[in-house]
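Colleague: For reference, the structure I am asking about is given below.
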Amino acid sequence: MKRKGLWILFIIGLVWLSSMPALAEVKVVTTFSVLADLAAQVGGDLVVVESIIPPGSDPHHWEPTPREARMIAGADVVFCNGLGLDVWLDRLIANAAAKVPVITLSDGLQALSYQHQSNHDHLHDNGDSDPHMWLDVAYAMDYVKRIAEVYSQIDTANAAYYQSRAESYLQQLRELDNWLLEVVAQIPEDNRKIITYHNSFSYFAQRYGLSVEAYLVLNPDREPSVKDMMQLTQLLAAHPRRVMFIEPQASTGGRYAEAAVYEVGGRIYTLYTDTLTEAVPNYIEMMRWNGNTLLEALK
Ligand SMILES: [Zn+2]
């Protein structure tokens, strides 16, 4: 009886193996989950994509371990964001002595600086540009085009496949971009101001016509000072909807935001920026969540 059970398991295993698609050809590593989704959308069945930083974690700080060195060593290409967000990757590549090509997706795109912001003392590692370009869908489309080019060079035989997948995904992103523009147009002009914990919305705000009224900290794991908190409470009290937006990966921030919002009788909403989660398993759903949340909070 026991034996028979094992045989059945064995046969089920064989059937399962034979039903799997042909082995993917390109092994892709990205620094965080948003890039992993873009890379997977373009690569389809011909790539296997892994994210160094797992969904739900903060990409600003990461202490690489031997697990990541192994991922890099086995990869055909690595996609990172650049602009100081995933600067820890350099050390990882050097340590792994890997010859893998590293593609920085923000390269060649016009970065926005953090200027005109008040609490300017803790910058991302490489200076003063906001790295969160992907929150403007037009920039995400540039990332996608670059990813398709890179795949076509690495796996020339399947270039047409990557180009056609990129085209249909870009069409979905165009629709998403238009939808976000329409969403913000429904918000009264005086309310198009956002108060956030972590300053990640320069590109989003510029593209969709919002202004970032204030943020507490530039980097999500820094704690605000008493003065920061007082300024925040005043701004919240003056905001037409008294709402503040936090991001789930900035866990230190939640407490401070809650305290300030409680004091003015306002409300907290969650926006997703740096990581995918179960609630927002891909980039398009992440941006749709953000659009719907902004509308609910500010209309
Ligand atoms: Zn960030």
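Lettering and numbering for the structure tokens are positional, with chains as A, B, ... in the shown order, residues counted from 1 in each chain, and ligands counted from 1 in the shown order.
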Just asking: which residues within range 11-215 of chain A are alpha helix (DSSP H) according to DSSP, as JSON, numbers by chain?
Modeller: {"A": [11, 12, 13, 14, 15, 16, 17, 18, 33, 34, 35, 36, 37, 38, 39, 40, 41, 42, 43, 66, 67, 68, 69, 70, 71, 72, 73, 88, 89, 90, 91, 92, 93, 94, 95, 96, 137, 138, 139, 140, 141, 142, 143, 144, 145, 146, 147, 148, 149, 150, 151, 152, 153, 154, 159, 160, 161, 162, 163, 164, 165, 166, 167, 168, 169, 170, 171, 172, 173, 174, 175, 176, 177, 178, 179, 180, 181, 182, 183, 184, 185, 202, 203, 204, 205, 206, 207, 208]}
Colleague: For ligand 1, list the contacting residues at 8 Å or closer, counting only C-alpha atoms and all ligand atoms, as a list in words.
Modeller: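 Residues satisfying the distance criterion: Asp58, Pro59, His60, Leu85, Pro131, His132, His198, Asn199, Ser200, Asn219, Pro220, Thr273 and Asp274 of chain A.
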Colleague: Go ahead and save the picked residues with N, CA and C atoms, as a PDB file, in the first residue's frame.
Modeller:
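Output (part-v6.pdb):
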ATOM      1  N   ASP A  58      11.675  47.605   2.120  1.00  0.00           N
ATOM      2  CA  ASP A  58      12.088  48.939   1.704  1.00  0.00           C
ATOM      3  C   ASP A  58      13.387  48.896   0.891  1.00  0.00           C
ATOM      4  N   PRO A  59      13.374  49.376  -0.347  1.00  0.00           N
ATOM      5  CA  PRO A  59      14.583  49.294  -1.168  1.00  0.00           C
ATOM      6  C   PRO A  59      15.681  50.303  -0.821  1.00  0.00           C
ATOM      7  N   HIS A  60      15.382  51.286   0.039  1.00  0.00           N
ATOM      8  CA  HIS A  60      16.399  52.297   0.316  1.00  0.00           C
ATOM      9  C   HIS A  60      17.590  51.732   1.073  1.00  0.00           C
ATOM     10  N   LEU A  85      19.038  55.066  -5.210  1.00  0.00           N
ATOM     11  CA  LEU A  85      18.064  54.212  -4.507  1.00  0.00           C
ATOM     12  C   LEU A  85      18.680  52.867  -4.128  1.00  0.00           C
ATOM     13  N   PRO A 131      14.847  59.526  -6.647  1.00  0.00           N
ATOM     14  CA  PRO A 131      14.977  58.327  -7.486  1.00  0.00           C
ATOM     15  C   PRO A 131      13.646  57.733  -7.969  1.00  0.00           C
ATOM     16  N   HIS A 132      12.496  58.205  -7.451  1.00  0.00           N
ATOM     17  CA  HIS A 132      11.225  57.495  -7.674  1.00  0.00           C
ATOM     18  C   HIS A 132      10.569  57.816  -9.017  1.00  0.00           C
ATOM     19  N   HIS A 198       7.267  60.120   3.554  1.00  0.00           N
ATOM     20  CA  HIS A 198       8.553  59.928   2.859  1.00  0.00           C
ATOM     21  C   HIS A 198       8.447  60.714   1.561  1.00  0.00           C
ATOM     22  N   ASN A 199       9.490  61.406   1.186  1.00  0.00           N
ATOM     23  CA  ASN A 199       9.386  62.255  -0.003  1.00  0.00           C
ATOM     24  C   ASN A 199       9.662  61.469  -1.273  1.00  0.00           C
ATOM     25  N   SER A 200       8.634  60.889  -1.841  1.00  0.00           N
ATOM     26  CA  SER A 200       8.877  60.069  -3.027  1.00  0.00           C
ATOM     27  C   SER A 200       8.002  60.480  -4.195  1.00  0.00           C
ATOM     28  N   ASN A 219      14.136  60.258   3.781  1.00  0.00           N
ATOM     29  CA  ASN A 219      14.405  58.838   3.703  1.00  0.00           C
ATOM     30  C   ASN A 219      13.479  58.127   4.682  1.00  0.00           C
ATOM     31  N   PRO A 220      12.845  57.038   4.262  1.00  0.00           N
ATOM     32  CA  PRO A 220      11.733  56.516   5.045  1.00  0.00           C
ATOM     33  C   PRO A 220      12.083  55.989   6.434  1.00  0.00           C
ATOM     34  N   THR A 273       4.495  52.891  -3.206  1.00  0.00           N
ATOM     35  CA  THR A 273       5.506  53.536  -4.040  1.00  0.00           C
ATOM     36  C   THR A 273       6.675  52.614  -4.370  1.00  0.00           C
ATOM     37  N   ASP A 274       7.282  52.071  -3.324  1.00  0.00           N
ATOM     38  CA  ASP A 274       8.573  51.399  -3.474  1.00  0.00           C
ATOM     39  C   ASP A 274       8.487  49.879  -3.471  1.00  0.00           C
TER      40      ASP A 274
END
Colleague: Could you check which of A:Ser225, A:Arg67, A:Ile268, A:Val48 is closest to Glu296 in chain A, using only C-alpha atoms?
Modeller: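 Distance minimum relative to Glu296 in chain A lands on A:Ile268.
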Colleague: Would you mind listing what lies within 8 Å of Gly291 in chain A as an MDAnalysis selection string, with only C-alpha atoms counted and same-chain residues fewer than 3 positions away left out?
Modeller: chainID A and resid 180 183:184 287:288 294:295
Colleague: Select, from A:Leu109, A:Val280, A:Leu298, A:Ala238, the residue with the minimum atom-to-atom distance to Val264 in chain A, counting only C-alpha atoms.
Modeller: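 Smallest distance to Val264 in chain A is found for A:Ala238.
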Colleague: What's the 12 Å shell around Gly74 in chain A, counting only C-alpha atoms, without same-chain residues fewer than 3 positions away, as a list in words?
Modeller: Val26, Lys27, Val28, Val29, Val48, Val49, Glu50, Arg67, Glu68, Ala69, Arg70, Met71, Val77, Val78, Ile93, Ala96, Ala97, Ala98, Lys99, Val100 and Pro101 of chain A
Colleague: Take the residues just selected and output them with C-alpha atoms as a compact mmCIF listing (two decimals), in the first residue's frame.
Modeller:
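In the end it all went to again_10.txt:
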# COMPACT_ATOMS: atom_id res chain seq x y z
CA VAL A 26 17.09 34.64 -19.67
CA LYS A 27 17.74 34.84 -15.94
CA VAL A 28 16.95 38.31 -14.69
CA VAL A 29 17.61 39.88 -11.29
CA VAL A 48 12.79 34.14 -14.99
CA VAL A 49 12.80 37.24 -12.83
CA GLU A 50 13.87 37.48 -9.21
CA ARG A 67 21.79 34.68 -1.00
CA GLU A 68 21.98 37.83 -3.13
CA ALA A 69 25.54 37.07 -4.23
CA ARG A 70 24.30 33.71 -5.56
CA MET A 71 21.40 35.39 -7.37
CA VAL A 77 21.28 40.62 -16.57
CA VAL A 78 20.60 42.82 -13.55
CA ILE A 93 28.43 43.14 -7.71
CA ALA A 96 30.41 38.61 -6.24
CA ALA A 97 33.12 39.51 -8.80
CA ALA A 98 30.30 38.99 -11.29
CA LYS A 99 30.62 39.96 -14.95
CA VAL A 100 26.88 40.26 -15.32
CA PRO A 101 25.66 43.36 -17.20
Colleague: What's the 8 Å shell around range 185-191 of chain A, counting only C-alpha atoms, without same-chain residues fewer than 2 positions away, as a PyMOL selection string?
Modeller: chain A and resi 181-183+193+239-241+295+298-299
Colleague: Which distance in Å separates CA of Glu223 in chain A and CA of Arg255 in chain A, to one decimal?
Modeller: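 Answer for the CA of Glu223 in chain A to CA of Arg255 in chain A separation: 10.2 Å.
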Colleague: Write out as an mmCIF file with N, CA and C atoms, in the first residue's frame the residues lying within 7 Å of range 276-278 of chain A, counting only C-alpha atoms and excluding same-chain residues fewer than 4 positions away.
Modeller:
data_model
loop_
_atom_site.group_PDB
_atom_site.id
_atom_site.type_symbol
_atom_site.label_atom_id
_atom_site.label_comp_id
_atom_site.auth_asym_id
_atom_site.auth_seq_id
_atom_site.Cartn_x
_atom_site.Cartn_y
_atom_site.Cartn_z
ATOM 1 N N SER A 33 10.920 44.986 -6.186
ATOM 2 C CA SER A 33 9.790 44.271 -6.788
ATOM 3 C C SER A 33 9.087 45.021 -7.916
ATOM 4 N N VAL A 34 9.077 46.353 -7.877
ATOM 5 C CA VAL A 34 8.415 47.102 -8.956
ATOM 6 C C VAL A 34 9.144 46.839 -10.277
ATOM 7 N N PRO A 55 9.052 41.585 -2.058
ATOM 8 C CA PRO A 55 7.894 42.464 -1.933
ATOM 9 C C PRO A 55 7.624 42.797 -0.469
ATOM 10 N N GLY A 56 7.242 44.028 -0.208
ATOM 11 C CA GLY A 56 6.924 44.441 1.154
ATOM 12 C C GLY A 56 8.086 45.080 1.895
ATOM 13 N N ASN A 282 1.049 44.030 -8.737
ATOM 14 C CA ASN A 282 1.837 44.460 -9.895
ATOM 15 C C ASN A 282 1.796 45.975 -10.024
#
Colleague: One decimal, in Å: what's the spacing between CA of Leu235 in chain A and CA of Ser113 in chain A?
Modeller: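 These atoms are spaced 22.7 Å apart.
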Colleague: Check the DSSP output for the backbone and give back, as an MDAnalysis selection string, the residues of range 46-233 of chain A in strand (DSSP E or B).
Modeller: chainID A and resid 47:51 77:80 102:104 113 124 127 129 193:198 211:217
Colleague: Selected residues, C-alpha atoms, written as a PDB file, in the first residue's frame, please.
Modeller:
ATOM      1  CA  VAL A  47      12.603  34.981 -18.669  1.00  0.00           C
ATOM      2  CA  VAL A  48      12.788  34.138 -14.990  1.00  0.00           C
ATOM      3  CA  VAL A  49      12.802  37.244 -12.826  1.00  0.00           C
ATOM      4  CA  GLU A  50      13.874  37.477  -9.212  1.00  0.00           C
ATOM      5  CA  SER A  51      13.869  40.562  -7.023  1.00  0.00           C
ATOM      6  CA  VAL A  77      21.284  40.619 -16.567  1.00  0.00           C
ATOM      7  CA  VAL A  78      20.603  42.823 -13.549  1.00  0.00           C
ATOM      8  CA  PHE A  79      18.201  45.779 -13.658  1.00  0.00           C
ATOM      9  CA  CYS A  80      18.509  48.506 -11.047  1.00  0.00           C
ATOM     10  CA  VAL A 102      23.994  45.869 -14.868  1.00  0.00           C
ATOM     11  CA  ILE A 103      21.407  48.106 -16.508  1.00  0.00           C
ATOM     12  CA  THR A 104      20.502  51.314 -14.663  1.00  0.00           C
ATOM     13  CA  SER A 113      16.118  67.301  -7.738  1.00  0.00           C
ATOM     14  CA  HIS A 124      19.705  59.447  -0.644  1.00  0.00           C
ATOM     15  CA  GLY A 127      23.058  63.277  -3.658  1.00  0.00           C
ATOM     16  CA  SER A 129      17.872  63.618  -7.059  1.00  0.00           C
ATOM     17  CA  LYS A 193      -1.866  68.994  -2.338  1.00  0.00           C
ATOM     18  CA  ILE A 194      -0.387  65.976  -0.673  1.00  0.00           C
ATOM     19  CA  ILE A 195       1.291  65.662   2.690  1.00  0.00           C
ATOM     20  CA  THR A 196       3.403  62.548   2.922  1.00  0.00           C
ATOM     21  CA  TYR A 197       5.771  60.834   5.288  1.00  0.00           C
ATOM     22  CA  HIS A 198       8.553  59.928   2.859  1.00  0.00           C
ATOM     23  CA  SER A 211       1.868  69.552  -5.284  1.00  0.00           C
ATOM     24  CA  VAL A 212       3.808  67.971  -2.467  1.00  0.00           C
ATOM     25  CA  GLU A 213       2.910  70.255   0.385  1.00  0.00           C
ATOM     26  CA  ALA A 214       5.276  68.678   2.848  1.00  0.00           C
ATOM     27  CA  TYR A 215       6.919  65.504   3.881  1.00  0.00           C
ATOM     28  CA  LEU A 216       8.370  64.581   7.201  1.00  0.00           C
ATOM     29  CA  VAL A 217      11.528  62.818   6.203  1.00  0.00           C
TER      30      VAL A 217
END
Colleague: CA of Thr30 in chain A and CA of Ser164 in chain A, how far apart in Å?
Modeller: 21.7 Å
